[in-house]
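Chemist: Sharing my_file.txt below, compact mmCIF, C-alpha atoms and all ligand atoms:
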# COMPACT_ATOMS: atom_id res chain seq x y z
CA MET A 1 13.19 -74.09 -112.61
CA GLN A 2 15.30 -73.19 -115.67
CA THR A 3 19.02 -72.85 -114.95
CA GLU A 4 22.04 -71.75 -116.94
CA LEU A 5 25.04 -72.98 -115.01
CA ALA A 6 28.34 -71.11 -115.21
CA ASP A 7 31.39 -72.65 -116.86
CA PHE A 8 33.15 -73.43 -113.56
CA ILE A 9 30.53 -76.04 -112.63
CA ARG A 10 28.54 -76.88 -115.81
CA ASN A 11 30.37 -80.01 -116.90
CA THR A 12 31.21 -81.42 -113.48
CA PRO A 13 29.38 -84.28 -111.74
CA GLU A 14 28.26 -81.81 -109.03
CA GLY A 15 27.02 -79.35 -111.66
CA ARG A 16 24.99 -82.00 -113.46
CA GLU A 17 23.50 -83.20 -110.20
CA ALA A 18 22.70 -79.67 -109.03
CA GLU A 19 21.06 -78.82 -112.34
CA ALA A 20 18.87 -81.93 -112.23
CA ILE A 21 17.76 -81.07 -108.70
CA LEU A 22 17.13 -77.40 -109.50
CA ARG A 23 15.01 -78.29 -112.52
CA LYS A 24 12.59 -80.13 -110.22
CA CYS A 25 11.91 -77.10 -108.02
CA VAL A 26 8.79 -75.22 -109.12
CA HIS A 27 9.26 -72.54 -106.45
CA CYS A 28 5.86 -73.29 -104.92
CA GLY A 29 7.07 -72.62 -101.36
CA PHE A 30 5.23 -75.54 -99.70
CA CYS A 31 8.53 -76.38 -98.02
CA THR A 32 8.66 -73.10 -96.10
CA ALA A 33 5.84 -74.30 -93.84
CA THR A 34 8.03 -76.99 -92.28
CA CYS A 35 11.39 -75.22 -92.24
CA PRO A 36 12.48 -74.56 -88.64
CA THR A 37 14.74 -71.62 -89.48
CA TYR A 38 12.01 -69.91 -91.50
CA GLN A 39 9.62 -70.39 -88.60
CA VAL A 40 12.04 -68.69 -86.20
CA LEU A 41 13.48 -65.99 -88.45
CA GLY A 42 10.65 -65.33 -90.93
CA ASP A 43 13.07 -64.43 -93.73
CA ASP A 44 12.49 -66.14 -97.08
CA LEU A 45 16.27 -66.41 -97.52
CA ASP A 46 16.26 -68.60 -94.40
CA SER A 47 13.76 -70.95 -96.02
CA PRO A 48 14.45 -73.83 -98.43
CA ARG A 49 13.01 -71.89 -101.35
CA GLY A 50 15.18 -68.86 -100.59
CA ARG A 51 18.31 -70.94 -100.13
CA ILE A 52 17.63 -72.77 -103.39
CA TYR A 53 17.42 -69.37 -105.09
CA LEU A 54 20.74 -68.30 -103.52
CA MET A 55 22.44 -71.52 -104.62
CA LYS A 56 21.04 -71.27 -108.14
CA ARG A 57 22.46 -67.78 -108.38
CA ALA A 58 25.86 -69.01 -107.15
CA PHE A 59 25.89 -71.90 -109.65
CA GLU A 60 25.03 -69.46 -112.43
CA GLY A 61 28.05 -67.32 -111.57
CA GLY A 62 26.10 -64.58 -109.79
CA PRO A 63 27.33 -62.69 -106.75
CA VAL A 64 28.21 -64.75 -103.69
CA THR A 65 28.70 -62.88 -100.42
CA ASP A 66 29.09 -63.51 -96.72
CA ARG A 67 25.30 -63.12 -96.46
CA THR A 68 24.85 -65.98 -98.93
CA ARG A 69 27.07 -68.14 -96.74
CA LEU A 70 25.25 -67.06 -93.58
CA HIS A 71 21.88 -68.20 -94.94
CA LEU A 72 23.38 -71.56 -95.88
CA ASP A 73 25.16 -71.81 -92.50
CA ARG A 74 21.82 -71.28 -90.73
CA CYS A 75 20.32 -74.28 -92.53
CA LEU A 76 20.20 -77.28 -90.17
CA THR A 77 20.30 -79.79 -93.04
CA CYS A 78 17.32 -81.31 -91.23
CA ARG A 79 15.69 -82.14 -94.57
CA ALA A 80 12.15 -81.50 -93.33
CA CYS A 81 11.76 -79.64 -96.61
CA GLU A 82 12.50 -82.84 -98.56
CA THR A 83 9.72 -84.67 -96.76
CA THR A 84 7.30 -81.82 -97.54
CA CYS A 85 8.29 -81.08 -101.14
CA PRO A 86 5.68 -82.42 -103.61
CA SER A 87 8.20 -82.28 -106.48
CA GLY A 88 10.86 -84.54 -104.92
CA VAL A 89 13.57 -81.87 -104.70
CA ARG A 90 16.63 -83.42 -103.02
CA TYR A 91 17.49 -80.32 -101.05
CA GLY A 92 20.03 -82.08 -98.78
CA ARG A 93 22.22 -83.05 -101.71
CA LEU A 94 21.82 -79.61 -103.28
CA VAL A 95 22.95 -77.83 -100.13
CA ASP A 96 26.05 -80.06 -99.90
CA ILE A 97 27.01 -78.91 -103.39
CA GLY A 98 26.00 -75.31 -102.71
CA ARG A 99 27.98 -75.08 -99.51
CA ALA A 100 31.16 -76.27 -101.21
CA VAL A 101 30.75 -73.65 -103.95
CA VAL A 102 29.94 -70.81 -101.57
CA GLU A 103 32.76 -71.76 -99.19
CA ALA A 104 35.25 -71.61 -102.06
CA LYS A 105 34.03 -68.17 -103.17
CA THR A 106 33.99 -66.46 -99.76
CA GLN A 107 36.38 -65.99 -96.87
CA ARG A 108 35.46 -66.59 -93.24
CA SER A 109 37.09 -64.54 -90.48
CA PRO A 110 40.30 -66.01 -88.99
CA LEU A 111 38.47 -66.70 -85.70
CA GLU A 112 35.65 -68.54 -87.43
CA ARG A 113 38.09 -70.56 -89.51
CA ALA A 114 40.06 -71.50 -86.39
CA TYR A 115 36.90 -72.56 -84.51
CA ARG A 116 35.66 -74.71 -87.36
CA ALA A 117 39.10 -76.24 -87.83
CA LEU A 118 39.23 -77.06 -84.11
CA LEU A 119 35.85 -78.79 -84.26
CA ALA A 120 36.88 -80.69 -87.38
CA PHE A 121 40.05 -81.81 -85.62
CA VAL A 122 38.59 -82.81 -82.23
CA MET A 123 35.15 -84.23 -82.95
CA PRO A 124 36.05 -87.13 -85.27
CA ARG A 125 38.83 -88.38 -82.97
CA PRO A 126 37.22 -90.51 -80.25
CA TRP A 127 40.38 -90.63 -78.08
CA LEU A 128 40.76 -86.84 -78.13
CA PHE A 129 37.07 -86.14 -77.64
CA GLY A 130 37.01 -88.66 -74.78
CA ALA A 131 40.05 -87.05 -73.09
CA LEU A 132 38.54 -83.55 -73.38
CA LEU A 133 35.21 -84.81 -72.06
CA ARG A 134 36.93 -86.31 -69.00
CA LEU A 135 38.71 -83.01 -68.43
CA GLY A 136 35.45 -81.11 -68.85
CA ARG A 137 33.68 -83.32 -66.33
CA LEU A 138 36.47 -82.84 -63.77
CA SER A 139 36.26 -79.08 -64.12
CA ARG A 140 32.45 -78.98 -64.60
CA PRO A 141 31.70 -76.99 -61.41
CA LEU A 142 33.99 -74.22 -62.66
CA LEU A 143 32.64 -74.03 -66.20
CA PRO A 144 30.42 -71.16 -67.41
CA ALA A 145 26.73 -72.14 -67.66
CA ALA A 146 26.70 -72.32 -71.48
CA LEU A 147 29.57 -74.81 -71.53
CA LYS A 148 28.39 -76.66 -68.45
CA SER A 149 25.14 -77.62 -70.14
CA LYS A 150 27.16 -79.39 -72.86
CA VAL A 151 29.13 -81.54 -70.39
CA PRO A 152 27.06 -84.37 -68.91
CA ALA A 153 27.21 -84.70 -65.13
CA ASP A 154 26.81 -88.49 -65.29
CA ILE A 155 27.77 -91.04 -67.86
CA ARG A 156 25.95 -94.31 -67.48
CA SER A 157 28.21 -97.36 -67.42
CA ALA A 158 27.95 -99.61 -70.45
CA GLY A 159 27.30 -102.80 -68.51
CA GLU A 160 28.09 -106.22 -69.91
CA TRP A 161 28.57 -106.73 -73.67
CA PRO A 162 27.57 -110.33 -74.50
CA ALA A 163 30.29 -112.51 -76.05
CA PRO A 164 29.69 -113.16 -79.79
CA ARG A 165 28.05 -116.59 -79.54
CA HIS A 166 25.53 -116.55 -82.39
CA ARG A 167 25.96 -117.57 -86.02
CA ARG A 168 24.15 -114.39 -87.08
CA LYS A 169 26.44 -111.39 -86.61
CA MET A 170 26.12 -107.67 -87.32
CA LEU A 171 28.56 -104.80 -87.13
CA ALA A 172 27.95 -101.78 -84.92
CA LEU A 173 29.70 -98.42 -85.03
CA ALA A 174 31.02 -96.94 -81.79
CA GLY A 175 31.13 -93.56 -83.53
CA CYS A 176 33.19 -90.51 -82.73
CA VAL A 177 31.37 -89.06 -79.70
CA GLN A 178 28.86 -91.73 -78.71
CA GLY A 179 31.44 -94.06 -77.18
CA ALA A 180 32.53 -91.33 -74.76
CA LEU A 181 29.14 -89.73 -74.05
CA ALA A 182 26.95 -92.83 -73.85
CA PRO A 183 28.77 -96.19 -74.07
CA SER A 184 25.56 -97.72 -72.69
CA ILE A 185 23.79 -97.33 -76.06
CA ASN A 186 25.72 -99.87 -78.12
CA ALA A 187 26.01 -102.23 -75.15
CA ALA A 188 22.22 -102.10 -74.71
CA ALA A 189 21.78 -102.80 -78.43
CA ALA A 190 24.17 -105.77 -78.13
CA ARG A 191 22.19 -107.20 -75.20
CA VAL A 192 18.79 -106.82 -76.90
CA LEU A 193 20.07 -108.30 -80.17
CA ASP A 194 21.81 -111.11 -78.28
CA GLY A 195 18.42 -112.03 -76.86
CA ALA A 196 17.11 -112.19 -80.45
CA GLY A 197 19.90 -114.52 -81.61
CA ILE A 198 22.17 -111.90 -83.19
CA SER A 199 25.68 -111.06 -81.98
CA LEU A 200 26.72 -107.44 -82.34
CA ILE A 201 30.41 -106.75 -82.86
CA GLU A 202 32.49 -103.60 -83.35
CA ALA A 203 35.51 -103.32 -85.66
CA PRO A 204 38.42 -102.13 -83.49
CA ALA A 205 39.83 -99.67 -86.03
CA ALA A 206 36.48 -98.09 -86.92
CA GLY A 207 36.31 -94.32 -86.38
CA CYS A 208 34.04 -91.48 -87.44
CA CYS A 209 31.50 -92.02 -90.25
CA GLY A 210 32.72 -88.81 -91.92
CA GLY A 211 29.54 -86.86 -91.34
CA ILE A 212 31.12 -84.35 -88.95
CA ARG A 213 33.85 -83.13 -91.28
CA PHE A 214 31.73 -83.46 -94.41
CA HIS A 215 29.01 -81.23 -92.97
CA LEU A 216 31.54 -78.75 -91.60
CA ASN A 217 32.36 -78.33 -95.29
CA TYR A 218 35.67 -80.17 -95.10
CA GLN A 219 34.16 -82.45 -97.70
CA ASP A 220 37.40 -84.06 -98.88
CA ALA A 221 38.44 -84.81 -95.29
CA GLY A 222 34.96 -86.20 -94.63
CA ARG A 223 35.37 -88.55 -97.60
CA ASP A 224 38.76 -89.62 -96.17
CA ASP A 225 36.96 -90.58 -92.95
CA MET A 226 34.43 -92.56 -95.01
CA ARG A 227 37.18 -94.47 -96.81
CA ALA A 228 38.94 -95.21 -93.52
CA LEU A 229 35.72 -96.59 -92.04
CA ILE A 230 35.10 -98.74 -95.11
CA ASP A 231 38.64 -100.12 -94.73
CA ALA A 232 38.00 -100.92 -91.06
CA TRP A 233 34.75 -102.75 -91.85
CA TRP A 234 35.74 -104.40 -95.09
CA PRO A 235 37.36 -107.62 -93.75
CA ALA A 236 34.18 -108.53 -91.84
CA VAL A 237 32.00 -107.58 -94.82
CA GLU A 238 34.06 -109.26 -97.52
CA SER A 239 34.42 -112.51 -95.59
CA GLY A 240 30.66 -112.68 -95.06
CA GLU A 241 31.11 -112.71 -91.28
CA VAL A 242 28.43 -110.04 -90.84
CA GLU A 243 25.03 -109.86 -92.51
CA ALA A 244 24.37 -106.17 -91.79
CA ILE A 245 25.78 -102.97 -90.37
CA VAL A 246 23.62 -101.61 -87.57
CA MET A 247 23.59 -97.92 -86.78
CA THR A 248 22.57 -96.85 -83.30
CA ALA A 249 22.98 -93.14 -84.12
CA SER A 250 20.62 -92.04 -86.87
CA GLY A 251 22.97 -89.17 -87.76
CA CYS A 252 25.73 -91.64 -88.62
CA GLY A 253 23.24 -93.96 -90.27
CA VAL A 254 22.02 -91.39 -92.77
CA THR A 255 25.63 -90.65 -93.74
CA VAL A 256 26.69 -94.28 -94.15
CA LYS A 257 23.57 -95.02 -96.20
CA GLU A 258 24.78 -92.32 -98.62
CA TYR A 259 28.36 -93.62 -98.99
CA GLY A 260 27.48 -95.18 -102.33
CA HIS A 261 26.48 -91.78 -103.65
CA LEU A 262 29.14 -89.69 -101.90
CA LEU A 263 31.99 -91.93 -103.15
CA ALA A 264 30.51 -92.63 -106.59
CA GLN A 265 33.31 -90.65 -108.28
CA ASP A 266 36.04 -92.66 -106.53
CA PRO A 267 36.88 -95.69 -108.70
CA ALA A 268 38.81 -97.37 -105.87
CA TYR A 269 35.95 -97.17 -103.38
CA ARG A 270 32.64 -96.78 -105.21
CA GLU A 271 31.74 -100.47 -105.28
CA LYS A 272 32.74 -101.05 -101.69
CA ALA A 273 30.87 -97.89 -100.66
CA ALA A 274 27.71 -99.02 -102.45
CA ARG A 275 27.90 -102.42 -100.74
CA ILE A 276 28.40 -100.85 -97.32
CA SER A 277 25.42 -98.56 -97.88
CA SER A 278 23.21 -101.40 -99.02
CA MET A 279 24.03 -103.39 -95.86
CA THR A 280 23.40 -100.51 -93.47
CA ARG A 281 20.30 -100.49 -91.29
CA ASP A 282 19.13 -98.28 -88.49
CA LEU A 283 18.66 -100.24 -85.27
CA CYS A 284 14.88 -99.80 -85.56
CA GLU A 285 14.99 -101.61 -88.91
CA VAL A 286 16.72 -104.60 -87.31
CA ILE A 287 14.75 -104.93 -84.09
CA THR A 288 11.13 -105.71 -84.81
CA PRO A 289 8.22 -105.80 -82.35
CA ASP A 290 8.00 -109.61 -82.58
CA MET A 291 11.53 -109.84 -81.11
CA LEU A 292 10.26 -108.19 -77.93
CA SER A 293 8.01 -109.75 -75.34
CA ALA A 294 5.06 -107.61 -74.29
CA SER A 295 5.75 -105.99 -70.95
CA ALA A 296 3.71 -104.57 -68.15
CA GLU A 297 3.33 -100.81 -67.98
CA ARG A 298 6.75 -99.18 -67.84
CA GLY A 299 5.79 -95.55 -67.61
CA THR A 300 5.36 -92.64 -69.99
CA VAL A 301 7.80 -91.59 -72.71
CA ALA A 302 7.90 -88.82 -75.30
CA PHE A 303 9.77 -89.83 -78.44
CA GLN A 304 11.86 -87.24 -80.26
CA SER A 305 12.26 -88.54 -83.77
CA PRO A 306 15.60 -87.17 -85.06
CA CYS A 307 15.53 -85.49 -88.46
CA THR A 308 18.16 -87.95 -89.64
CA LEU A 309 15.71 -90.76 -88.86
CA GLN A 310 12.37 -89.33 -90.04
CA HIS A 311 13.52 -87.11 -92.92
CA GLY A 312 17.00 -88.37 -93.82
CA GLN A 313 16.13 -92.09 -93.68
CA GLN A 314 12.36 -91.72 -94.01
CA LEU A 315 11.81 -94.07 -91.05
CA ARG A 316 8.74 -93.11 -89.08
CA GLY A 317 6.67 -94.88 -86.45
CA ARG A 318 9.01 -97.82 -85.93
CA VAL A 319 10.61 -96.75 -82.66
CA GLU A 320 7.23 -95.72 -81.30
CA ALA A 321 5.90 -99.23 -82.07
CA LEU A 322 8.87 -100.84 -80.31
CA LEU A 323 8.49 -98.66 -77.22
CA ALA A 324 4.76 -99.42 -77.10
CA LYS A 325 5.42 -103.17 -77.37
CA ALA A 326 7.93 -102.86 -74.53
CA GLY A 327 5.24 -101.40 -72.29
CA TYR A 328 5.73 -97.65 -72.56
CA ALA A 329 2.84 -95.23 -73.01
CA LEU A 330 3.80 -92.58 -75.55
CA THR A 331 2.80 -89.03 -74.76
CA PRO A 332 1.75 -86.79 -77.70
CA VAL A 333 4.36 -84.48 -79.23
CA ASN A 334 3.26 -81.51 -81.34
CA ASP A 335 5.26 -80.49 -84.40
CA ALA A 336 7.21 -83.76 -84.23
CA HIS A 337 8.61 -83.06 -87.70
CA LEU A 338 10.65 -80.08 -86.47
CA CYS A 339 14.37 -80.21 -85.66
CA CYS A 340 15.55 -79.93 -82.03
CA GLY A 341 18.46 -77.69 -83.08
CA SER A 342 21.26 -80.19 -82.48
CA ALA A 343 22.20 -80.97 -86.11
CA GLY A 344 25.79 -82.16 -85.67
CA THR A 345 27.98 -79.19 -84.83
CA TYR A 346 25.14 -76.70 -85.47
CA SER A 347 24.47 -76.24 -81.75
CA LEU A 348 28.09 -75.06 -81.36
CA LEU A 349 28.15 -72.89 -84.49
CA GLN A 350 24.65 -71.34 -84.29
CA PRO A 351 24.00 -71.32 -80.52
CA ALA A 352 21.17 -68.76 -80.50
CA LEU A 353 19.04 -70.44 -83.18
CA SER A 354 19.87 -73.86 -81.83
CA GLY A 355 18.88 -72.80 -78.30
CA GLU A 356 15.55 -71.42 -79.49
CA LEU A 357 14.77 -74.62 -81.38
CA ARG A 358 15.69 -76.70 -78.33
CA SER A 359 13.38 -74.67 -76.10
CA ARG A 360 10.51 -75.17 -78.56
CA LYS A 361 11.24 -78.87 -78.91
CA LEU A 362 11.47 -79.46 -75.14
CA ALA A 363 8.18 -77.61 -74.61
CA ALA A 364 6.54 -79.92 -77.16
CA LEU A 365 8.14 -83.04 -75.71
CA GLU A 366 7.29 -82.19 -72.11
CA ALA A 367 3.71 -81.03 -72.76
CA GLY A 368 2.42 -84.51 -71.88
CA ALA A 369 4.56 -84.67 -68.70
CA PRO A 370 6.50 -87.80 -69.72
CA GLN A 371 8.76 -89.58 -67.24
CA ALA A 372 11.49 -89.78 -69.88
CA ILE A 373 12.34 -88.53 -73.35
CA ALA A 374 13.57 -91.08 -75.87
CA THR A 375 15.58 -90.37 -79.00
CA ALA A 376 17.59 -92.24 -81.62
CA ASN A 377 20.66 -90.07 -82.07
CA ILE A 378 23.46 -89.20 -79.68
CA GLY A 379 23.69 -85.58 -80.86
CA CYS A 380 20.00 -84.94 -80.13
CA LEU A 381 20.31 -86.81 -76.82
CA ALA A 382 23.20 -84.68 -75.56
CA HIS A 383 21.63 -81.46 -76.86
CA LEU A 384 18.21 -82.07 -75.30
CA ALA A 385 19.65 -83.38 -72.01
CA GLY A 386 21.51 -80.09 -71.59
CA GLY A 387 18.20 -78.21 -71.40
CA THR A 388 15.97 -80.30 -69.18
CA ALA A 389 15.83 -82.22 -65.91
CA THR A 390 13.71 -84.93 -67.59
CA PRO A 391 15.90 -87.98 -68.29
CA VAL A 392 16.81 -88.27 -71.99
CA ARG A 393 17.75 -91.75 -73.22
CA HIS A 394 18.33 -93.62 -76.44
CA TRP A 395 15.24 -95.74 -77.00
CA ILE A 396 17.25 -98.97 -76.92
CA GLU A 397 18.28 -98.21 -73.34
CA LEU A 398 14.60 -98.13 -72.37
CA ILE A 399 13.96 -101.42 -74.18
CA ASP A 400 17.05 -102.96 -72.54
CA VAL A 401 15.70 -102.39 -69.02
CA THR A 402 12.41 -104.17 -69.71
S1 LIG B 501 11.75 -77.29 -102.87
FE1 LIG B 501 9.82 -78.28 -103.42
S2 LIG B 501 8.31 -77.41 -101.98
FE2 LIG B 501 10.12 -76.06 -101.95
S3 LIG B 501 9.72 -74.47 -103.49
FE3 LIG B 501 10.86 -76.09 -104.57
S4 LIG B 501 9.27 -77.46 -105.41
FE4 LIG B 501 8.25 -76.16 -103.88
S1 LIG B 502 17.13 -78.60 -94.38
FE1 LIG B 502 15.81 -77.91 -92.68
S2 LIG B 502 16.63 -75.89 -92.08
FE2 LIG B 502 17.48 -76.39 -94.11
S3 LIG B 502 16.10 -75.45 -95.57
FE3 LIG B 502 15.38 -77.57 -95.32
S4 LIG B 502 13.83 -77.47 -93.67
FE4 LIG B 502 15.00 -75.53 -93.61
Please express the file's structure as structure tokens.
Ligand code: SF4
Ligand code: SF4
Modeler:
Amino acid sequence: MQTELADFIRNTPEGREAEAILRKCVHCGFCTATCPTYQVLGDDLDSPRGRIYLMKRAFEGGPVTDRTRLHLDRCLTCRACETTCPSGVRYGRLVDIGRAVVEAKTQRSPLERAYRALLAFVMPRPWLFGALLRLGRLSRPLLPAALKSKVPADIRSAGEWPAPRHRRKMLALAGCVQGALAPSINAAAARVLDGAGISLIEAPAAGCCGGIRFHLNYQDAGRDDMRALIDAWWPAVESGEVEAIVMTASGCGVTVKEYGHLLAQDPAYREKAARISSMTRDLCEVITPDMLSASAERGTVAFQSPCTLQHGQQLRGRVEALLAKAGYALTPVNDAHLCCGSAGTYSLLQPALSGELRSRKLAALEAGAPQAIATANIGCLAHLAGGTATPVRHWIELIDVT
């Protein structure tokens, strides 16, 4: 696609990157077939192709309106379109650039700005999120149904975290919300890895990966979170104490794997960021089937592969293989490539679309009447659990009990 970028962006790193991405798009529209928002809304401007057109127009200095921003806001950043695109268009990176441009050229209502600012303040602060979650659980019976479904009735205890006794060590990230919502996930990962001769440790000062604020379009603040996390991890990385960084939330993993790119313009951090990204692995890249002993039948499970795992990190089939080795029978899931509607803060900002996508996803997951639903990302876990009585677990918790 030919582009003629406007002066405000032409000679910037973002402009050059956007232009290179836009030039790859041949406007064929194959991507519309796998776009969840296009499937629900049927409007080409709510498809990847339509959004690419809107962003191109914005980069070329054309009109940018609240409608432009709405169509970009409705995008889940699920990146199913990237997996489908035959021309290799990096839509996820393009929409990051496009959102920043459109945000700067439009004005949200005061209420919307306040809501987004509140989310950007609360979500990346584990202590604050944890305190509000405790409060929400105490007052759960009094909450309206919509809010109640977002507050878990039970939080499973973490159980024992094995002492770091092995020579091989890896870093784990507690994350901003996972530690409060499901402390059992990282503890389960630590126990399974301990059995495989690897000690999992957490850096005490580590906070949010930056994904929350970055994708709320507070991109500078998101990069600050990334730098802070690099600082927290760096002593263990630089000293060689850890051989890898293990992500138990695929949403955080896809962000940390992109640090090298997102901080490439920062001379003080670009090398560290690139090293951190190169050391980062999703948990399903670290645990291999040969680490697990074959188990007797454990029941039936439907696996929801988060977009950040299958599209963002292009990791497919690995968790399913691990669950099968651990003795679970996987039930079939139609349209497994489609987003569940969680998408970070999307479920809070676009509740109607998110709710529709969750209903469709749960219908697909429960079609085979599984005893449990497994996932690989805390956001998807909390979102799906709020809409079903079927237990929803991180896959490592199911492996840990075998
Ligand atoms: S993003 Fe890819 S699939 Fe979609 S219209 Fe452009 S070239 Fe075609
Ligand atoms: S990222 Fe997902 S929601 Fe956004 S345009 Fe691509 S397929 Fe559609």
Chemist: Starting from the point (39.0, -89.8, -85.1), work out which residues of protein, DNA or RNA have an atom no more than 12 Å away when counting all atoms listed in the file; state them as an MDAnalysis selection string.
Modeler: chainID A and resid 119:130 174:177 179 205:213 221:222 224:226 228:229
Chemist: Sorted by chain and rising residue number, list the residues of chain A at most 9 Å from ligand LIG 501 (chain B) (counting only C-alpha atoms and all ligand atoms), each with its closest atom pair and distance in Å to one decimal, as CSV.
Modeler:
residue,atom,partner,partner_atom,distance
A:Met1,CA,B:LIG501,FE3,8.6
A:Leu22,CA,B:LIG501,FE3,8.1
A:Lys24,CA,B:LIG501,S4,6.4
A:Cys25,CA,B:LIG501,S4,3.7
A:Val26,CA,B:LIG501,S4,4.4
A:His27,CA,B:LIG501,S3,3.6
A:Cys28,CA,B:LIG501,FE4,3.9
A:Gly29,CA,B:LIG501,S3,3.9
A:Phe30,CA,B:LIG501,S2,4.3
A:Cys31,CA,B:LIG501,S2,4.1
A:Thr32,CA,B:LIG501,FE2,6.7
A:Ser47,CA,B:LIG501,FE2,8.6
A:Pro48,CA,B:LIG501,FE2,6.0
A:Arg49,CA,B:LIG501,S3,4.7
A:Gly50,CA,B:LIG501,S3,8.3
A:Ile52,CA,B:LIG501,S1,7.4
A:Cys81,CA,B:LIG501,FE2,6.6
A:Glu82,CA,B:LIG501,S1,7.1
A:Thr84,CA,B:LIG501,S2,6.3
A:Cys85,CA,B:LIG501,S2,3.8
A:Pro86,CA,B:LIG501,FE1,5.9
A:Ser87,CA,B:LIG501,S4,5.1
A:Gly88,CA,B:LIG501,FE1,6.5
A:Val89,CA,B:LIG501,S1,5.3
A:Arg90,CA,B:LIG501,S1,7.8
A:Tyr91,CA,B:LIG501,S1,6.7
Chemist: Just want the 6 Å neighbourhood of segment 305-311 of chain A, counted on only C-alpha atoms, with same-chain residues fewer than 5 positions away dropped. Output as number ranges by chain.
Modeler: A: 78-80, 83, 250-251, 316
Chemist: Select, from A:Pro164, A:Arg360, A:Thr300, A:Ala264, the residue with the minimum atom-to-atom distance to Thr390 of chain A, counting only C-alpha atoms.
Modeler: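 Among the listed residues, the smallest separation from Thr390 of chain A belongs to A:Thr300.
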Chemist: So what do you get for atom CA of Arg167 of chain A versus atom CA of Arg270 of chain A, distance-wise?
Modeler: 29.1 Å
Chemist: Could you list, as a VMD selection string, every residue within 7 Å of Leu94 of chain A, counting all atoms listed in the file and ignoring same-chain residues fewer than 4 positions away?
Modeler: chain A and resid 18 21 90 98
Chemist: Rank nothing, just name the residue among A:Arg140, A:Arg156, A:His71, A:Arg318 nearest to ligand LIG 502 (chain B), using all atoms listed in the file.
Modeler: A:His71
Chemist: Determine the nearest neighbour of Lys150 of chain A from the options A:Ile201, A:Leu384, A:Ala329, A:Val237, counting all atoms listed in the file.
Modeler: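 Going through A:Ile201, A:Leu384, A:Ala329, A:Val237 one by one, the smallest distance to Lys150 of chain A is for A:Leu384.
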Chemist: Need the shell around segment 347-350 of chain A: protein/DNA/RNA residues with any atom at most 12 Å away, counting only C-alpha atoms. Skip same-chain ones fewer than 2 positions apart. Format as a JSON list (two decimals) with C-alpha atoms, in the coordinates of the input?
Modeler:
[["chain", "number", "residue", "atom", "x", "y", "z"],
["A", 37, "THR", "CA", 14.74, -71.62, -89.48],
["A", 70, "LEU", "CA", 25.25, -67.06, -93.58],
["A", 71, "HIS", "CA", 21.88, -68.20, -94.94],
["A", 72, "LEU", "CA", 23.38, -71.56, -95.88],
["A", 73, "ASP", "CA", 25.16, -71.81, -92.50],
["A", 74, "ARG", "CA", 21.82, -71.28, -90.73],
["A", 75, "CYS", "CA", 20.32, -74.28, -92.53],
["A", 76, "LEU", "CA", 20.20, -77.28, -90.17],
["A", 112, "GLU", "CA", 35.65, -68.54, -87.43],
["A", 113, "ARG", "CA", 38.09, -70.56, -89.51],
["A", 115, "TYR", "CA", 36.90, -72.56, -84.51],
["A", 116, "ARG", "CA", 35.66, -74.71, -87.36],
["A", 117, "ALA", "CA", 39.10, -76.24, -87.83],
["A", 118, "LEU", "CA", 39.23, -77.06, -84.11],
["A", 119, "LEU", "CA", 35.85, -78.79, -84.26],
["A", 123, "MET", "CA", 35.15, -84.23, -82.95],
["A", 146, "ALA", "CA", 26.70, -72.32, -71.48],
["A", 147, "LEU", "CA", 29.57, -74.81, -71.53],
["A", 149, "SER", "CA", 25.14, -77.62, -70.14],
["A", 150, "LYS", "CA", 27.16, -79.39, -72.86],
["A", 215, "HIS", "CA", 29.01, -81.23, -92.97],
["A", 216, "LEU", "CA", 31.54, -78.75, -91.60],
["A", 339, "CYS", "CA", 14.37, -80.21, -85.66],
["A", 340, "CYS", "CA", 15.55, -79.93, -82.03],
["A", 341, "GLY", "CA", 18.46, -77.69, -83.08],
["A", 342, "SER", "CA", 21.26, -80.19, -82.48],
["A", 343, "ALA", "CA", 22.20, -80.97, -86.11],
["A", 344, "GLY", "CA", 25.79, -82.16, -85.67],
["A", 345, "THR", "CA", 27.98, -79.19, -84.83],
["A", 352, "ALA", "CA", 21.17, -68.76, -80.50],
["A", 353, "LEU", "CA", 19.04, -70.44, -83.18],
["A", 354, "SER", "CA", 19.87, -73.86, -81.83],
["A", 355, "GLY", "CA", 18.88, -72.80, -78.30],
["A", 356, "GLU", "CA", 15.55, -71.42, -79.49],
["A", 357, "LEU", "CA", 14.77, -74.62, -81.38],
["A", 358, "ARG", "CA", 15.69, -76.70, -78.33],
["A", 379, "GLY", "CA", 23.69, -85.58, -80.86],
["A", 380, "CYS", "CA", 20.00, -84.94, -80.13],
["A", 382, "ALA", "CA", 23.20, -84.68, -75.56],
["A", 383, "HIS", "CA", 21.63, -81.46, -76.86],
["A", 384, "LEU", "CA", 18.21, -82.07, -75.30],
["A", 386, "GLY", "CA", 21.51, -80.09, -71.59]]
